[in-house]
>>> print(open('work.cif').read())   # mmCIF, C-alpha atoms and all ligand atoms
data_final
loop_
_atom_site.label_atom_id
_atom_site.label_comp_id
_atom_site.auth_asym_id
_atom_site.auth_seq_id
_atom_site.Cartn_x
_atom_site.Cartn_y
_atom_site.Cartn_z
CA MET A 10 0.00 0.00 0.00
CA LYS A 11 1.24 3.47 -0.88
CA VAL A 12 2.19 5.73 2.01
CA ALA A 13 -0.42 8.33 1.07
CA ASP A 14 -3.12 5.65 1.00
CA PHE A 15 -1.99 4.28 4.32
CA GLU A 16 -2.27 7.77 5.78
CA LEU A 17 -5.78 8.14 4.37
CA TYR A 18 -6.98 4.93 6.04
CA LYS A 19 -5.08 5.67 9.20
CA SER A 20 -6.81 9.00 9.75
CA LEU A 21 -10.20 7.66 8.66
CA LEU A 22 -10.01 4.79 11.15
CA TYR A 23 -8.75 7.04 13.92
CA ASP A 24 -11.61 9.49 13.41
CA LYS A 25 -14.36 6.91 13.07
CA SER A 26 -13.41 4.28 15.63
CA GLY A 27 -10.35 5.44 17.53
CA LEU A 28 -8.32 2.58 16.11
CA VAL A 29 -4.64 3.38 15.90
CA ILE A 30 -2.94 1.65 12.99
CA THR A 31 0.82 1.68 12.72
CA PRO A 32 2.81 1.27 9.48
CA ASP A 33 3.90 -2.26 10.46
CA LYS A 34 0.21 -3.24 10.41
CA SER A 35 -0.32 -1.87 6.93
CA TYR A 36 -0.58 -5.46 5.59
CA LEU A 37 -3.78 -5.75 7.65
CA LEU A 38 -5.33 -2.99 5.60
CA ASP A 39 -4.54 -4.91 2.42
CA SER A 40 -5.82 -8.25 3.66
CA ARG A 41 -9.01 -6.97 5.25
CA LEU A 42 -9.96 -4.27 2.76
CA THR A 43 -9.45 -6.26 -0.42
CA PRO A 44 -12.63 -8.27 0.29
CA ILE A 45 -14.48 -4.97 0.88
CA ALA A 46 -13.31 -3.67 -2.50
CA LYS A 47 -14.61 -6.88 -4.04
CA LYS A 48 -17.95 -6.57 -2.25
CA TRP A 49 -18.30 -3.03 -3.61
CA ASN A 50 -17.37 -4.20 -7.12
CA TYR A 51 -14.12 -2.30 -7.39
CA PRO A 52 -11.63 -4.14 -9.61
CA THR A 53 -8.81 -3.35 -7.16
CA LEU A 54 -8.27 -1.95 -3.69
CA ASP A 55 -6.53 1.04 -5.28
CA MET A 56 -9.69 1.87 -7.18
CA MET A 57 -11.68 1.79 -3.98
CA THR A 58 -9.14 4.03 -2.29
CA LEU A 59 -9.41 6.49 -5.17
CA GLN A 60 -13.18 6.61 -4.83
CA LEU A 61 -12.91 7.00 -1.08
CA ARG A 62 -10.61 9.95 -1.50
CA ALA A 63 -12.94 11.65 -3.98
CA ILE A 64 -16.45 11.06 -2.62
CA PRO A 65 -16.50 8.92 0.51
CA ASP A 66 -19.76 6.97 0.63
CA PRO A 67 -20.77 6.72 4.32
CA LYS A 68 -21.81 3.09 3.82
CA LEU A 69 -18.43 2.23 2.37
CA VAL A 70 -16.71 4.04 5.23
CA LYS A 71 -18.78 2.00 7.68
CA ASP A 72 -17.80 -1.24 5.96
CA ILE A 73 -14.15 -0.27 6.12
CA VAL A 74 -14.31 0.64 9.80
CA GLU A 75 -16.10 -2.61 10.66
CA ALA A 76 -13.69 -4.67 8.60
CA MET A 77 -10.80 -3.31 10.62
CA THR A 78 -12.20 -4.18 14.05
CA THR A 79 -10.89 -7.23 15.86
CA ASN A 80 -13.79 -9.27 17.18
CA GLU A 81 -11.84 -11.96 18.99
CA THR A 82 -13.72 -13.03 22.11
CA SER A 83 -14.84 -16.08 24.05
CA PHE A 84 -17.26 -17.20 26.73
CA PHE A 85 -15.96 -16.49 30.23
CA ARG A 86 -12.86 -14.95 28.69
CA ASP A 87 -9.95 -15.09 31.17
CA THR A 88 -12.28 -16.71 33.78
CA LYS A 89 -11.22 -14.30 36.55
CA PRO A 90 -13.48 -11.34 35.71
CA PHE A 91 -16.48 -13.64 35.79
CA THR A 92 -15.48 -15.16 39.10
CA LEU A 93 -15.10 -11.61 40.40
CA PHE A 94 -18.53 -10.78 39.04
CA GLN A 95 -20.11 -13.73 40.77
CA GLU A 96 -18.20 -13.82 44.02
CA THR A 97 -17.30 -10.21 44.72
CA ILE A 98 -19.46 -7.82 42.73
CA LEU A 99 -22.82 -9.57 42.97
CA PRO A 100 -22.81 -10.01 46.76
CA HIS A 101 -21.95 -6.32 47.05
CA MET A 102 -24.78 -5.40 44.70
CA LEU A 103 -27.30 -7.55 46.56
CA GLN A 104 -26.41 -5.74 49.70
CA THR A 105 -26.18 -2.18 48.47
CA ARG A 106 -29.04 -2.23 45.94
CA ALA A 107 -31.47 -4.05 48.22
CA ALA A 108 -33.87 -1.10 48.19
CA LYS A 109 -34.31 -0.77 44.42
CA LYS A 110 -33.47 -4.38 43.51
CA THR A 111 -32.24 -3.29 40.10
CA VAL A 112 -28.77 -3.65 38.65
CA ARG A 113 -27.74 -2.22 35.29
CA ILE A 114 -24.77 -3.73 33.51
CA TRP A 115 -23.09 -2.45 30.38
CA CYS A 116 -20.89 -4.55 28.11
CA ALA A 117 -19.35 -1.71 26.17
CA ALA A 118 -17.69 -3.65 23.33
CA CYS A 119 -19.54 -6.93 23.32
CA SER A 120 -18.45 -8.35 19.96
CA SER A 121 -20.40 -11.53 19.11
CA GLY A 122 -22.09 -11.66 22.51
CA GLN A 123 -20.08 -14.19 24.51
CA GLU A 124 -19.31 -11.67 27.27
CA PRO A 125 -22.88 -10.51 28.03
CA TYR A 126 -24.22 -14.05 27.59
CA SER A 127 -21.67 -15.37 30.08
CA LEU A 128 -23.14 -12.89 32.56
CA SER A 129 -26.71 -14.00 31.80
CA MET A 130 -25.75 -17.63 32.36
CA ILE A 131 -24.23 -16.78 35.74
CA LEU A 132 -27.36 -14.85 36.71
CA LYS A 133 -29.63 -17.64 35.48
CA ASP A 134 -27.68 -20.11 37.57
CA MET A 135 -28.25 -17.95 40.66
CA GLU A 136 -31.91 -17.40 39.89
CA ALA A 137 -33.17 -18.70 43.21
CA LYS A 138 -31.10 -16.14 45.11
CA LEU A 139 -32.11 -13.30 42.82
CA LYS A 140 -35.88 -13.58 43.09
CA GLY A 141 -37.51 -10.18 42.72
CA TRP A 142 -34.37 -8.60 41.30
CA ARG A 143 -34.07 -7.03 37.89
CA PHE A 144 -30.80 -7.33 36.03
CA GLU A 145 -30.49 -5.30 32.89
CA ILE A 146 -27.64 -6.22 30.57
CA ILE A 147 -27.02 -3.66 27.85
CA ALA A 148 -24.51 -4.84 25.26
CA THR A 149 -23.16 -2.54 22.60
CA ASP A 150 -20.61 -2.58 19.84
CA LEU A 151 -19.56 -0.37 16.98
CA SER A 152 -19.96 -3.10 14.40
CA GLU A 153 -23.46 -3.89 13.16
CA ASP A 154 -22.26 -7.09 11.52
CA ILE A 155 -20.94 -8.47 14.76
CA LEU A 156 -24.08 -7.37 16.63
CA ALA A 157 -26.20 -9.28 14.13
CA GLN A 158 -24.21 -12.38 15.06
CA ALA A 159 -24.58 -11.61 18.75
CA ARG A 160 -28.35 -11.30 18.43
CA LYS A 161 -28.57 -14.63 16.63
CA ALA A 162 -26.61 -16.33 19.40
CA THR A 163 -25.67 -19.28 17.24
CA TYR A 164 -22.16 -20.51 17.89
CA SER A 165 -19.80 -22.93 16.20
CA GLN A 166 -18.46 -26.06 17.85
CA PHE A 167 -15.14 -24.28 18.19
CA GLU A 168 -16.68 -21.23 19.90
CA VAL A 169 -18.65 -23.24 22.48
CA GLN A 170 -15.48 -25.05 23.49
CA ARG A 171 -13.51 -21.96 24.35
CA GLY A 172 -14.16 -20.95 27.95
CA LEU A 173 -17.64 -22.44 28.20
CA PRO A 174 -17.93 -25.15 30.86
CA ILE A 175 -19.65 -28.28 29.55
CA GLN A 176 -22.44 -27.97 32.15
CA TYR A 177 -23.38 -24.59 30.69
CA LEU A 178 -23.42 -26.04 27.20
CA MET A 179 -25.73 -28.81 28.35
CA LYS A 180 -28.04 -26.50 30.27
CA TYR A 181 -28.27 -23.46 28.07
CA PHE A 182 -27.73 -24.54 24.45
CA THR A 183 -29.53 -26.66 21.91
CA GLN A 184 -27.72 -28.34 19.10
CA VAL A 185 -28.81 -27.32 15.62
CA GLY A 186 -26.92 -29.31 13.02
CA GLU A 187 -23.26 -28.41 13.36
CA THR A 188 -23.96 -25.35 15.49
CA TRP A 189 -25.14 -24.55 18.98
CA GLN A 190 -28.04 -22.23 19.67
CA LEU A 191 -28.26 -20.35 22.95
CA LYS A 192 -31.66 -20.83 24.57
CA GLU A 193 -34.19 -18.05 24.39
CA ASP A 194 -34.42 -17.31 28.12
CA ILE A 195 -30.67 -16.60 28.30
CA LYS A 196 -30.68 -14.70 25.04
CA SER A 197 -33.56 -12.46 26.06
CA MET A 198 -31.70 -11.24 29.14
CA VAL A 199 -29.40 -9.13 26.95
CA LYS A 200 -30.36 -6.00 25.05
CA PHE A 201 -28.10 -5.20 22.10
CA SER A 202 -27.59 -1.92 20.35
CA THR A 203 -25.04 -0.14 18.20
CA PHE A 204 -22.84 2.28 20.02
CA ASN A 205 -19.53 3.94 19.21
CA LEU A 206 -17.41 4.57 22.30
CA LEU A 207 -16.18 7.81 20.74
CA ASP A 208 -19.72 9.20 20.85
CA ASP A 209 -21.56 11.09 23.56
CA MET A 210 -22.45 8.56 26.23
CA SER A 211 -25.05 10.50 28.17
CA ARG A 212 -27.96 8.74 26.44
CA MET A 213 -26.82 5.39 27.84
CA GLY A 214 -28.09 6.16 31.34
CA GLN A 215 -26.53 5.16 34.65
CA PHE A 216 -24.79 1.84 35.32
CA ASP A 217 -23.79 -0.19 38.34
CA ILE A 218 -21.23 -2.28 36.46
CA ILE A 219 -19.34 -1.61 33.24
CA PHE A 220 -17.44 -4.27 31.32
CA CYS A 221 -15.09 -2.51 28.92
CA ARG A 222 -12.77 -5.32 28.04
CA ASN A 223 -10.21 -5.74 25.31
CA VAL A 224 -11.14 -2.69 23.33
CA LEU A 225 -9.07 0.13 24.89
CA ILE A 226 -5.93 -1.72 23.76
CA TYR A 227 -6.63 -0.55 20.22
CA PHE A 228 -6.69 3.13 21.16
CA ASP A 229 -4.12 5.79 22.03
CA GLU A 230 -3.92 7.33 25.48
CA LYS A 231 -5.98 10.36 24.56
CA THR A 232 -8.87 8.19 23.34
CA LYS A 233 -8.58 5.83 26.31
CA GLY A 234 -8.63 8.76 28.72
CA GLY A 235 -11.63 10.30 26.96
CA ILE A 236 -13.64 7.07 27.09
CA LEU A 237 -12.81 6.34 30.71
CA GLY A 238 -13.67 9.91 31.62
CA LYS A 239 -17.11 9.57 30.05
CA MET A 240 -17.67 6.20 31.67
CA GLU A 241 -16.89 7.58 35.08
CA LYS A 242 -19.88 9.88 34.74
CA LEU A 243 -22.22 6.98 33.94
CA LEU A 244 -21.04 4.73 36.71
CA ASP A 245 -22.76 4.79 40.08
CA LYS A 246 -20.58 6.09 42.87
CA ASP A 247 -19.93 2.61 44.23
CA GLY A 248 -20.07 0.89 40.85
CA PHE A 249 -17.45 -1.29 39.20
CA LEU A 250 -15.46 -1.08 36.01
CA LEU A 251 -13.82 -4.16 34.50
CA LEU A 252 -11.02 -3.88 31.98
CA GLY A 253 -9.18 -6.51 29.93
CA GLY A 254 -6.02 -8.25 31.09
CA ALA A 255 -3.74 -5.99 29.07
CA GLU A 256 -5.54 -2.79 30.02
CA THR A 257 -5.23 -0.41 32.95
CA VAL A 258 -6.22 3.05 34.11
CA LEU A 259 -2.78 3.75 35.51
CA GLY A 260 -1.08 6.59 33.73
CA ILE A 261 -4.24 7.30 31.74
CA THR A 262 -6.79 8.70 34.13
CA ASP A 263 -7.13 9.36 37.83
CA LYS A 264 -10.90 8.91 37.69
CA PHE A 265 -10.57 5.21 38.56
CA VAL A 266 -8.31 3.21 40.82
CA PRO A 267 -7.56 -0.52 40.68
CA MET A 268 -8.98 -2.69 43.46
CA PRO A 269 -6.06 -4.16 45.35
CA ASP A 270 -5.76 -7.93 44.77
CA LYS A 271 -8.62 -7.94 42.27
CA ARG A 272 -6.98 -7.87 38.89
CA GLY A 273 -8.94 -6.09 36.20
CA LEU A 274 -11.42 -4.57 38.65
CA TYR A 275 -11.61 -0.80 39.13
CA ILE A 276 -13.66 1.58 41.25
CA LYS A 277 -14.11 5.31 41.11
CA ASN A 278 -11.26 7.19 42.69
CA PRO A 279 -12.45 7.78 46.26
CA ALA A 280 -10.24 10.84 46.51
CA LEU A 281 -12.35 12.43 43.79
CA THR A 282 -15.82 11.23 44.78
CA THR A 283 -15.79 11.98 48.50
CA PRO A 284 -16.03 15.57 49.63
CA THR A 285 -12.57 16.89 50.33
CA THR A 286 -12.94 17.46 54.04
CA PRO A 287 -9.72 16.78 55.93
CA ALA A 288 -11.19 13.62 57.49
CA SER A 289 -12.14 11.93 54.21
CA SER A 290 -9.30 13.10 52.03
CA THR A 291 -7.40 9.90 52.72
CA THR A 292 -8.24 7.19 50.19
CA GLY A 293 -8.91 4.46 52.74
CA GLY A 294 -12.46 5.09 53.93
CA PHE A 295 -14.63 4.58 50.91
CA ALA A 296 -12.76 1.73 49.27
CA SER A 297 -12.21 -0.27 52.41
CA GLY A 298 -15.89 -0.05 53.32
CA LEU A 299 -16.86 -1.59 50.01
CA PHE A 300 -16.67 -5.23 50.82
CA LYS A 301 -18.10 -5.27 54.31
CA ARG A 302 -20.53 -8.12 54.39
CA THR A 303 -23.43 -8.64 56.70
CA MET B 15 4.89 -33.06 37.61
CA SER B 16 1.31 -34.15 36.90
CA VAL B 17 0.72 -37.19 34.74
CA CYS B 18 -1.86 -37.16 31.95
CA LEU B 19 -2.87 -40.46 30.41
CA VAL B 20 -3.86 -40.11 26.76
CA VAL B 21 -6.26 -42.84 25.70
CA ASP B 22 -6.89 -43.01 21.96
CA ASP B 23 -6.57 -45.75 19.35
CA SER B 24 -5.03 -43.33 16.86
CA GLY B 25 -1.30 -42.93 17.22
CA VAL B 26 -1.49 -39.61 15.38
CA VAL B 27 -4.03 -38.19 17.83
CA ARG B 28 -1.95 -39.42 20.78
CA LYS B 29 1.09 -37.69 19.35
CA VAL B 30 -0.71 -34.39 18.80
CA ALA B 31 -2.27 -34.54 22.27
CA ARG B 32 1.09 -35.38 23.83
CA ARG B 33 2.73 -32.37 22.23
CA ILE B 34 0.00 -30.05 23.56
CA LEU B 35 -0.08 -31.60 27.03
CA GLU B 36 3.68 -31.52 27.44
CA GLU B 37 3.57 -27.87 26.49
CA LEU B 38 1.06 -27.38 29.29
CA GLY B 39 3.46 -29.01 31.71
CA PHE B 40 2.21 -32.60 31.93
CA THR B 41 4.12 -35.82 31.75
CA CYS B 42 2.34 -37.96 29.18
CA GLU B 43 1.55 -41.64 29.17
CA GLU B 44 -0.33 -43.34 26.37
CA ALA B 45 -2.86 -46.16 26.04
CA ALA B 46 -4.40 -47.41 22.80
CA ASP B 47 -7.71 -48.62 24.23
CA GLY B 48 -9.84 -48.70 27.38
CA GLN B 49 -8.47 -52.03 28.55
CA LEU B 50 -4.86 -50.81 28.45
CA ALA B 51 -5.91 -47.62 30.20
CA TYR B 52 -7.62 -49.69 32.89
CA GLU B 53 -4.46 -51.72 33.42
CA PHE B 54 -2.41 -48.54 33.66
CA CYS B 55 -4.75 -47.08 36.29
CA SER B 56 -4.75 -50.27 38.34
CA LYS B 57 -1.05 -49.70 38.93
CA LYS B 58 -1.05 -45.94 39.37
CA MET B 59 -3.75 -43.30 39.07
CA PRO B 60 -2.78 -40.39 36.82
CA GLU B 61 -3.89 -36.84 37.66
CA ALA B 62 -5.64 -36.41 34.34
CA ILE B 63 -7.05 -38.60 31.57
CA LEU B 64 -7.80 -37.48 28.03
CA LEU B 65 -10.21 -40.07 26.76
CA ASP B 66 -11.45 -41.08 23.30
CA TRP B 67 -14.88 -42.69 23.00
CA ASN B 68 -14.70 -45.25 20.18
CA MET B 69 -11.84 -47.70 20.58
CA PRO B 70 -11.38 -51.43 20.01
CA VAL B 71 -11.37 -53.89 22.96
CA MET B 72 -12.86 -51.42 25.48
CA SER B 73 -14.57 -48.12 24.67
CA GLY B 74 -13.94 -44.89 26.54
CA ILE B 75 -17.29 -44.85 28.28
CA GLU B 76 -16.88 -48.44 29.46
CA PHE B 77 -13.45 -47.59 30.80
CA LEU B 78 -14.77 -44.51 32.58
CA GLU B 79 -17.51 -46.50 34.32
CA LYS B 80 -14.96 -49.07 35.47
CA LEU B 81 -12.51 -46.39 36.55
CA ARG B 82 -14.99 -44.56 38.73
CA ALA B 83 -15.76 -47.85 40.49
CA MET B 84 -12.09 -48.49 41.34
CA PRO B 85 -10.55 -47.53 44.69
CA SER B 86 -9.23 -43.94 44.19
CA GLY B 87 -10.97 -44.08 40.82
CA ASN B 88 -12.51 -40.68 41.48
CA ASP B 89 -9.10 -39.01 41.78
CA PRO B 90 -8.25 -38.47 38.11
CA LYS B 91 -9.96 -35.66 36.23
CA VAL B 92 -11.33 -37.17 33.06
CA VAL B 93 -11.80 -35.15 29.88
CA PHE B 94 -13.51 -36.88 26.99
CA CYS B 95 -12.04 -36.06 23.61
CA THR B 96 -14.07 -37.56 20.80
CA THR B 97 -15.71 -37.01 17.44
CA GLU B 98 -19.05 -37.88 19.08
CA ASN B 99 -20.51 -34.40 19.23
CA ASP B 100 -24.18 -34.75 20.11
CA MET B 101 -25.95 -33.91 23.34
CA ASN B 102 -26.78 -37.55 24.12
CA HIS B 103 -23.15 -38.58 24.18
CA ILE B 104 -22.21 -35.52 26.21
CA GLN B 105 -24.90 -36.21 28.76
CA ARG B 106 -23.96 -39.85 29.01
CA ALA B 107 -20.31 -38.98 29.55
CA ILE B 108 -20.99 -36.41 32.26
CA THR B 109 -23.41 -38.77 34.01
CA ALA B 110 -20.73 -41.47 33.99
CA GLY B 111 -18.41 -39.09 35.79
CA ALA B 112 -16.47 -37.21 33.11
CA ASN B 113 -15.33 -33.76 34.26
CA GLU B 114 -15.22 -32.14 30.85
CA TYR B 115 -15.92 -32.93 27.22
CA ILE B 116 -14.04 -31.98 24.08
CA MET B 117 -15.51 -32.44 20.63
CA LYS B 118 -12.88 -33.19 18.02
CA PRO B 119 -11.21 -31.58 16.20
CA PHE B 120 -9.36 -29.98 19.09
CA ASP B 121 -6.42 -27.62 19.36
CA THR B 122 -4.15 -26.23 22.07
CA GLU B 123 -6.60 -23.43 22.81
CA ILE B 124 -9.48 -25.83 23.54
CA ILE B 125 -7.48 -28.29 25.65
CA LYS B 126 -5.99 -25.43 27.64
CA SER B 127 -9.37 -23.80 28.15
CA LYS B 128 -10.97 -27.05 29.37
CA PHE B 129 -8.04 -27.94 31.63
CA ILE B 130 -8.16 -24.49 33.22
CA GLN B 131 -11.88 -24.83 33.89
CA ILE B 132 -11.52 -28.00 35.86
CA GLY B 133 -8.51 -26.73 37.74
CA LEU B 134 -5.89 -28.99 36.17
CA ILE B 135 -3.81 -25.99 35.21
CA ASP B 136 -3.71 -22.34 36.22
CA GLU B 137 -4.62 -19.51 33.92
C1 LIG A 401 -11.61 -7.83 20.89
S1 LIG A 401 -13.33 -7.44 20.95
C2 LIG A 401 -13.64 -7.56 22.69
C3 LIG A 401 -14.89 -8.35 23.00
C4 LIG A 401 -15.15 -8.62 24.48
N1 LIG A 401 -15.33 -7.40 25.23
C5 LIG A 401 -14.02 -9.44 25.07
O1 LIG A 401 -13.31 -8.95 25.95
O2 LIG A 401 -13.85 -10.59 24.67
C6 LIG A 401 -13.32 -5.70 20.60
C7 LIG A 401 -14.64 -5.14 20.10
O3 LIG A 401 -14.61 -3.73 20.18
C8 LIG A 401 -15.38 -3.19 19.13
N2 LIG A 401 -14.98 -1.78 18.93
C9 LIG A 401 -13.85 -1.32 18.36
N3 LIG A 401 -13.85 0.03 18.35
C10 LIG A 401 -15.01 0.42 18.94
C11 LIG A 401 -15.59 1.69 19.21
N4 LIG A 401 -14.97 2.83 18.89
N5 LIG A 401 -16.80 1.71 19.82
C12 LIG A 401 -17.43 0.56 20.16
N6 LIG A 401 -16.93 -0.66 19.92
C13 LIG A 401 -15.73 -0.73 19.31
C14 LIG A 401 -15.09 -4.11 17.97
O4 LIG A 401 -16.11 -4.06 17.00
C15 LIG A 401 -14.94 -5.48 18.67
O5 LIG A 401 -16.15 -6.21 18.58
#
>>> encode(input="work.cif", output="structure tokens")
Amino acid sequence: MKVADFELYKSLLYDKSGLVITPDKSYLLDSRLTPIAKKWNYPTLDMMTLQLRAIPDPKLVKDIVEAMTTNETSFFRDTKPFTLFQETILPHMLQTRAAKKTVRIWCAACSSGQEPYSLSMILKDMEAKLKGWRFEIIATDLSEDILAQARKATYSQFEVQRGLPIQYLMKYFTQVGETWQLKEDIKSMVKFSTFNLLDDMSRMGQFDIIFCRNVLIYFDEKTKGGILGKMEKLLDKDGFLLLGGAETVLGITDKFVPMPDKRGLYIKNPALTTPTTPASSTTGGFASGLFKRT
Amino acid sequence: MSVCLVVDDSGVVRKVARRILEELGFTCEEAADGQLAYEFCSKKMPEAILLDWNMPVMSGIEFLEKLRAMPSGNDPKVVFCTTENDMNHIQRAITAGANEYIMKPFDTEIIKSKFIQIGLIDE
């Protein structure tokens, strides 16, 4: 790919999705955009690039942006965050939200749905304990193609064997030919919609828990900081943020702090959320009170 | 080091499985059918067993039923690994005491993921 073309795609992707693409990844542009050129009936990728430069069709731009996303995911990815959800976060929620009995969860880059569906399976398993409670799982992604897959909730034999315990497969899936279909009652617990993390988030409403996993890695610090800053506003004061294994808030924002000994789990910075009276200006009070159990 | 017994009548499958399991830190032993696996376990129980279903002499499911009836026969974690990929087989295996179930074809990613889930290896 020519340098000027690379620069064109680089700035387009950065503007539209936040994706940072470095010259050593320029081969990715070739391999992923050639099929798009074909789909749009351009004889070559160069021809498509030419067209894009002249009159960029928004639908073509959308296809290009979606083609460049990485949708890699799995059920119960990395295990730990889901154990934390079940054993640490949920007990805290049951205690602190006892009055309203409602918990809102956001999976902010849900890809083909394995992450939100893992949460629904956990909740379904705990049904007896959660009688009378309402759990709302909102799952969003930039890519409409991947959301269409998520809504279908049909998975390949390979996908149901990565991270999904066999008991869950037996309980919550039906076999349809070579594929596995998630059962309706688990599926219907998740609400999907398109959402770009670069956009204004205020319409999303308030959340108790935000999963924002394995998406910030694709962005630069400015974008990461911007997204985390917006998320902080949507998160309840004693809510939780979960990031991917290779992601952190450290050095990016002071709006969140990592929970000690709970990898990947973050809370709002107590130093910023508590009034700055001399007594509460130490960071201990709020965070250490979090996991008191009755 | 933990021992994993690979039970499969295909030498090729045993070789592939061995390579993956050794990478995951196991010492591998092999058996070509359920009967040989049973004899192995009568001498010493391995920590893990990767078990094919269809084999000559004694099938995987027959072996598993016998194993679970042996003294200390509940010690090994048993992971089925078979081309049988329908719910009936899965249910039958789990009822007979299998801890996990892999539908062939498998790869490192799948074996690792299943072994993590049942606590045979750490993340
Ligand atoms: C690697 S997947 C992560 C899926 C899941 N959260 C996990 O941890 O397995 C990253 C997802 O982020 C989405 N994505 C990329 N840029 C985005 C943006 N600006 N806004 C919303 N989603 C975005 C991609 O479409 C992709 O599905």
>>> residues_near_point(input="work.cif", point="(-27.8, -0.5, 16.2)", cutoff="9 Å", atoms="all atoms listed in the file", output="number ranges by chain")
A: 149-153, 156, 201-204
>>> closest_residue(input="work.cif", among="A:Phe216, A:Phe84, A:Phe167, A:Tyr275", to="B:Pro119", atoms="all atoms listed in the file")
A:Phe167
>>> closest_residue(input="work.cif", among="A:Cys116, A:Ile261, A:Val169, A:Ile73", to="chain B", atoms="only C-alpha atoms")
A:Val169
>>> interface_residues(input="work.cif", of="chain A", to="chain B", cutoff="9 Å", atoms="only C-alpha atoms", output="count of residues only")
16
>>> closest_atom_pairs(input="work.cif", of="chain A", to="ligand LIG 401 (chain A)", cutoff="7 Å", atoms="all atoms listed in the file", output="JSON lines")
{"residue": "A:Ser26", "atom": "CA", "partner": "A:LIG401", "partner_atom": "N4", "distance": 3.9}
{"residue": "A:Gly27", "atom": "CA", "partner": "A:LIG401", "partner_atom": "N4", "distance": 5.5}
{"residue": "A:Leu28", "atom": "CA", "partner": "A:LIG401", "partner_atom": "N3", "distance": 6.5}
{"residue": "A:Glu75", "atom": "CA", "partner": "A:LIG401", "partner_atom": "O4", "distance": 6.5}
{"residue": "A:Thr78", "atom": "CA", "partner": "A:LIG401", "partner_atom": "C14", "distance": 4.9}
{"residue": "A:Thr79", "atom": "CA", "partner": "A:LIG401", "partner_atom": "C1", "distance": 5.1}
{"residue": "A:Asn80", "atom": "CA", "partner": "A:LIG401", "partner_atom": "O5", "distance": 4.1}
{"residue": "A:Glu81", "atom": "CA", "partner": "A:LIG401", "partner_atom": "C1", "distance": 4.6}
{"residue": "A:Thr82", "atom": "CA", "partner": "A:LIG401", "partner_atom": "O2", "distance": 3.5}
{"residue": "A:Ser83", "atom": "CA", "partner": "A:LIG401", "partner_atom": "O2", "distance": 5.6}
{"residue": "A:Arg86", "atom": "CA", "partner": "A:LIG401", "partner_atom": "O2", "distance": 6.0}
{"residue": "A:Cys116", "atom": "CA", "partner": "A:LIG401", "partner_atom": "N1", "distance": 6.9}
{"residue": "A:Ala117", "atom": "CA", "partner": "A:LIG401", "partner_atom": "C12", "distance": 6.7}
{"residue": "A:Ala118", "atom": "CA", "partner": "A:LIG401", "partner_atom": "O3", "distance": 4.4}
{"residue": "A:Cys119", "atom": "CA", "partner": "A:LIG401", "partner_atom": "N1", "distance": 4.6}
{"residue": "A:Ser120", "atom": "CA", "partner": "A:LIG401", "partner_atom": "O5", "distance": 3.4}
{"residue": "A:Ser121", "atom": "CA", "partner": "A:LIG401", "partner_atom": "O5", "distance": 6.8}
{"residue": "A:Glu124", "atom": "CA", "partner": "A:LIG401", "partner_atom": "C4", "distance": 5.9}
{"residue": "A:Thr149", "atom": "CA", "partner": "A:LIG401", "partner_atom": "C12", "distance": 7.0}
{"residue": "A:Asp150", "atom": "CA", "partner": "A:LIG401", "partner_atom": "N6", "distance": 4.2}
{"residue": "A:Leu151", "atom": "CA", "partner": "A:LIG401", "partner_atom": "C12", "distance": 3.9}
{"residue": "A:Ser152", "atom": "CA", "partner": "A:LIG401", "partner_atom": "O4", "distance": 4.7}
{"residue": "A:Ile155", "atom": "CA", "partner": "A:LIG401", "partner_atom": "O5", "distance": 6.5}
{"residue": "A:Phe204", "atom": "CA", "partner": "A:LIG401", "partner_atom": "C12", "distance": 5.7}
{"residue": "A:Asn205", "atom": "CA", "partner": "A:LIG401", "partner_atom": "N5", "distance": 3.6}
{"residue": "A:Leu206", "atom": "CA", "partner": "A:LIG401", "partner_atom": "N5", "distance": 3.8}
{"residue": "A:Leu207", "atom": "CA", "partner": "A:LIG401", "partner_atom": "N4", "distance": 5.4}
{"residue": "A:Cys221", "atom": "CA", "partner": "A:LIG401", "partner_atom": "N1", "distance": 6.1}
{"residue": "A:Arg222", "atom": "CA", "partner": "A:LIG401", "partner_atom": "O1", "distance": 4.2}
{"residue": "A:Asn223", "atom": "CA", "partner": "A:LIG401", "partner_atom": "O1", "distance": 4.5}
{"residue": "A:Val224", "atom": "CA", "partner": "A:LIG401", "partner_atom": "C6", "distance": 4.6}
{"residue": "A:Gly253", "atom": "CA", "partner": "A:LIG401", "partner_atom": "O1", "distance": 6.2}
>>> atom_distance(input="work.cif", atom1="atom CA of A:Asn50", atom2="atom CA of A:Ile64")
15.9 Å
>>> atom_distance(input="work.cif", atom1="atom CA of A:Gly254", atom2="atom CA of A:Arg272")
7.9 Å
>>> atom_distance(input="work.cif", atom1="atom CA of B:Ala31", atom2="atom CA of B:Lys57")
22.6 Å
>>> closest_residue(input="work.cif", among="B:Leu134, B:Cys18, B:Leu78, B:Ala110", to="B:Arg32", atoms="only C-alpha atoms")
B:Cys18
>>> residues_around(input="work.cif", residues="stretch 126-133 of chain A", least_positions_apart="4", cutoff="7 Å", atoms="only C-alpha atoms", output="number ranges by chain")
A: 84-85, 122, 195-196, 198
>>> closest_residue(input="work.cif", among="A:Lys48, A:Lys11, A:Lys264, A:His101", to="A:Gly238", atoms="all atoms listed in the file")
A:Lys264
>>> residues_around(input="work.cif", residues="B:Trp67", least_positions_apart="6", cutoff="6 Å", atoms="all atoms listed in the file", output="list in words")
Ser73, Gly74 and Thr96 of chain B
>>> write_last_selection(input="work.cif", atoms="C-alpha atoms", output="PDB file, in the coordinates of the input")
ATOM      1  CA  SER B  73     -14.570 -48.120  24.670  1.00  0.00           C
ATOM      2  CA  GLY B  74     -13.940 -44.890  26.540  1.00  0.00           C
ATOM      3  CA  THR B  96     -14.070 -37.560  20.800  1.00  0.00           C
TER       4      THR B  96
END
